[in-house]
Amino acid sequence: MKSIKSKILIFIILISIIGSIVLILLNLSYIESYQIKYRNDIRTKDIKSISGGIKRYIAEKNNCPRTSNPVPQTFLPELVFDGSGNPKGGVNISTLEDMGSYIDSGKKDPSGSPYLVGTYDNKIYIYTNHFEIYGSTNQTFFELIETSLCNQISI
């Protein structure tokens, strides 16, 4: 009788351990997806904030922002788009000139990479290449501002 009770006790303990391990693994994947969502929410909020600051700058100055990259007072660079429709070739927002009261130009993506800005077809694109997709590679997330003020010859 004692051996049957100890076998049942061992069986219950094993089931409890396996159940605990399954719950821990499920929680870890939930925590990871929550962290990814949290970082992506920060990225989205930051890009909307930068976009809002650039819109205010354009409205008040009636001019497109300029950059100090490669030299002071240059136009924003003309972007190139890859096969997936993602912008490439922008400049760091910290190089934007006279934007101190409009945006936090030192703001960085949660990964530590800078947010980028450039123009294409009368639009200003603010973007990051580090938008995370759970179980996949990073994607590009961008917001655009339509304006005819940035229709210029790229350098």
# chains A, B, ... in the order shown; residues from 1 in each chain; ligands from 1
call {"tool": "select_by_dssp", "arguments": {"residues": "chain A", "states": "strand (DSSP E)", "output": "number ranges by chain"}}
result
A: 80-81, 87-88, 91-92, 116-120, 123-131, 139-146
call {"tool": "write_last_selection", "arguments": {"atoms": "N, CA and C atoms", "output": "tab-separated table (two decimals), in the first residue's frame"}}
result
chain	number	residue	atom	x	y	z
A	80	VAL	N	16.21	57.13	-50.99
A	80	VAL	CA	16.10	56.05	-51.96
A	80	VAL	C	15.24	54.99	-51.28
A	81	PHE	N	14.44	54.28	-52.04
A	81	PHE	CA	13.59	53.24	-51.46
A	81	PHE	C	14.04	51.89	-51.93
A	87	PRO	N	12.39	53.50	-46.83
A	87	PRO	CA	13.35	54.56	-47.13
A	87	PRO	C	14.76	54.22	-46.66
A	88	LYS	N	15.74	54.69	-47.40
A	88	LYS	CA	17.16	54.53	-47.06
A	88	LYS	C	17.87	55.84	-47.40
A	91	VAL	N	19.36	61.31	-42.89
A	91	VAL	CA	20.36	61.79	-41.94
A	91	VAL	C	19.78	61.74	-40.53
A	92	ASN	N	20.66	61.65	-39.56
A	92	ASN	CA	20.31	61.64	-38.15
A	92	ASN	C	19.56	62.93	-37.80
A	116	LEU	N	15.98	58.84	-38.24
A	116	LEU	CA	16.49	59.40	-39.49
A	116	LEU	C	15.42	60.23	-40.18
A	117	VAL	N	15.85	61.17	-41.02
A	117	VAL	CA	14.94	62.04	-41.75
A	117	VAL	C	15.50	62.29	-43.14
A	118	GLY	N	14.60	62.44	-44.10
A	118	GLY	CA	14.97	62.74	-45.48
A	118	GLY	C	13.72	63.10	-46.27
A	119	THR	N	13.89	63.43	-47.54
A	119	THR	CA	12.75	63.82	-48.37
A	119	THR	C	12.63	62.92	-49.59
A	120	TYR	N	11.42	62.90	-50.12
A	120	TYR	CA	11.17	62.22	-51.38
A	120	TYR	C	9.82	62.68	-51.89
A	123	LYS	N	7.69	65.12	-49.82
A	123	LYS	CA	7.34	64.58	-48.51
A	123	LYS	C	8.60	64.47	-47.67
A	124	ILE	N	8.46	64.74	-46.39
A	124	ILE	CA	9.54	64.51	-45.43
A	124	ILE	C	9.22	63.21	-44.71
A	125	TYR	N	10.18	62.31	-44.69
A	125	TYR	CA	10.04	61.02	-44.00
A	125	TYR	C	10.87	61.03	-42.73
A	126	ILE	N	10.25	60.65	-41.62
A	126	ILE	CA	10.95	60.44	-40.36
A	126	ILE	C	10.83	58.95	-40.09
A	127	TYR	N	11.96	58.27	-39.87
A	127	TYR	CA	11.87	56.81	-39.79
A	127	TYR	C	12.93	56.17	-38.90
A	128	THR	N	12.65	54.91	-38.59
A	128	THR	CA	13.60	54.05	-37.89
A	128	THR	C	13.61	52.70	-38.60
A	129	ASN	N	14.76	52.08	-38.64
A	129	ASN	CA	14.90	50.75	-39.25
A	129	ASN	C	14.80	49.64	-38.22
A	130	HIS	N	14.41	49.96	-36.99
A	130	HIS	CA	14.46	48.99	-35.90
A	130	HIS	C	13.10	48.65	-35.32
A	131	PHE	N	12.03	48.79	-36.09
A	131	PHE	CA	10.71	48.41	-35.61
A	131	PHE	C	10.66	46.89	-35.53
A	139	GLN	N	11.73	45.74	-39.02
A	139	GLN	CA	11.17	46.41	-40.18
A	139	GLN	C	11.38	47.91	-40.04
A	140	THR	N	11.09	48.63	-41.11
A	140	THR	CA	11.19	50.08	-41.09
A	140	THR	C	9.82	50.65	-40.75
A	141	PHE	N	9.80	51.60	-39.84
A	141	PHE	CA	8.57	52.31	-39.50
A	141	PHE	C	8.81	53.78	-39.80
A	142	PHE	N	7.88	54.41	-40.52
A	142	PHE	CA	8.07	55.82	-40.85
A	142	PHE	C	6.75	56.57	-40.81
A	143	GLU	N	6.88	57.87	-40.70
A	143	GLU	CA	5.76	58.79	-40.83
A	143	GLU	C	6.19	59.84	-41.82
A	144	LEU	N	5.25	60.34	-42.61
A	144	LEU	CA	5.63	61.34	-43.60
A	144	LEU	C	4.82	62.61	-43.43
A	145	ILE	N	5.44	63.70	-43.88
A	145	ILE	CA	4.82	65.02	-43.85
A	145	ILE	C	4.80	65.51	-45.29
A	146	GLU	N	3.64	65.83	-45.78
A	146	GLU	CA	3.54	66.36	-47.14
A	146	GLU	C	3.81	67.85	-47.10
call {"tool": "atom_distance", "arguments": {"atom1": "atom CA of Arg56 of chain A", "atom2": "atom CA of Ser101 of chain A"}}
result
10.0 Å
call {"tool": "closest_residue", "arguments": {"among": "A:Asp121, A:Glu60, A:Asp46, A:Asp104", "to": "Leu79 of chain A", "atoms": "only C-alpha atoms"}}
result
A:Asp121
call {"tool": "select_by_dssp", "arguments": {"residues": "chain A", "states": "helix (DSSP H, G or I)", "output": "count of residues only"}}
result
63
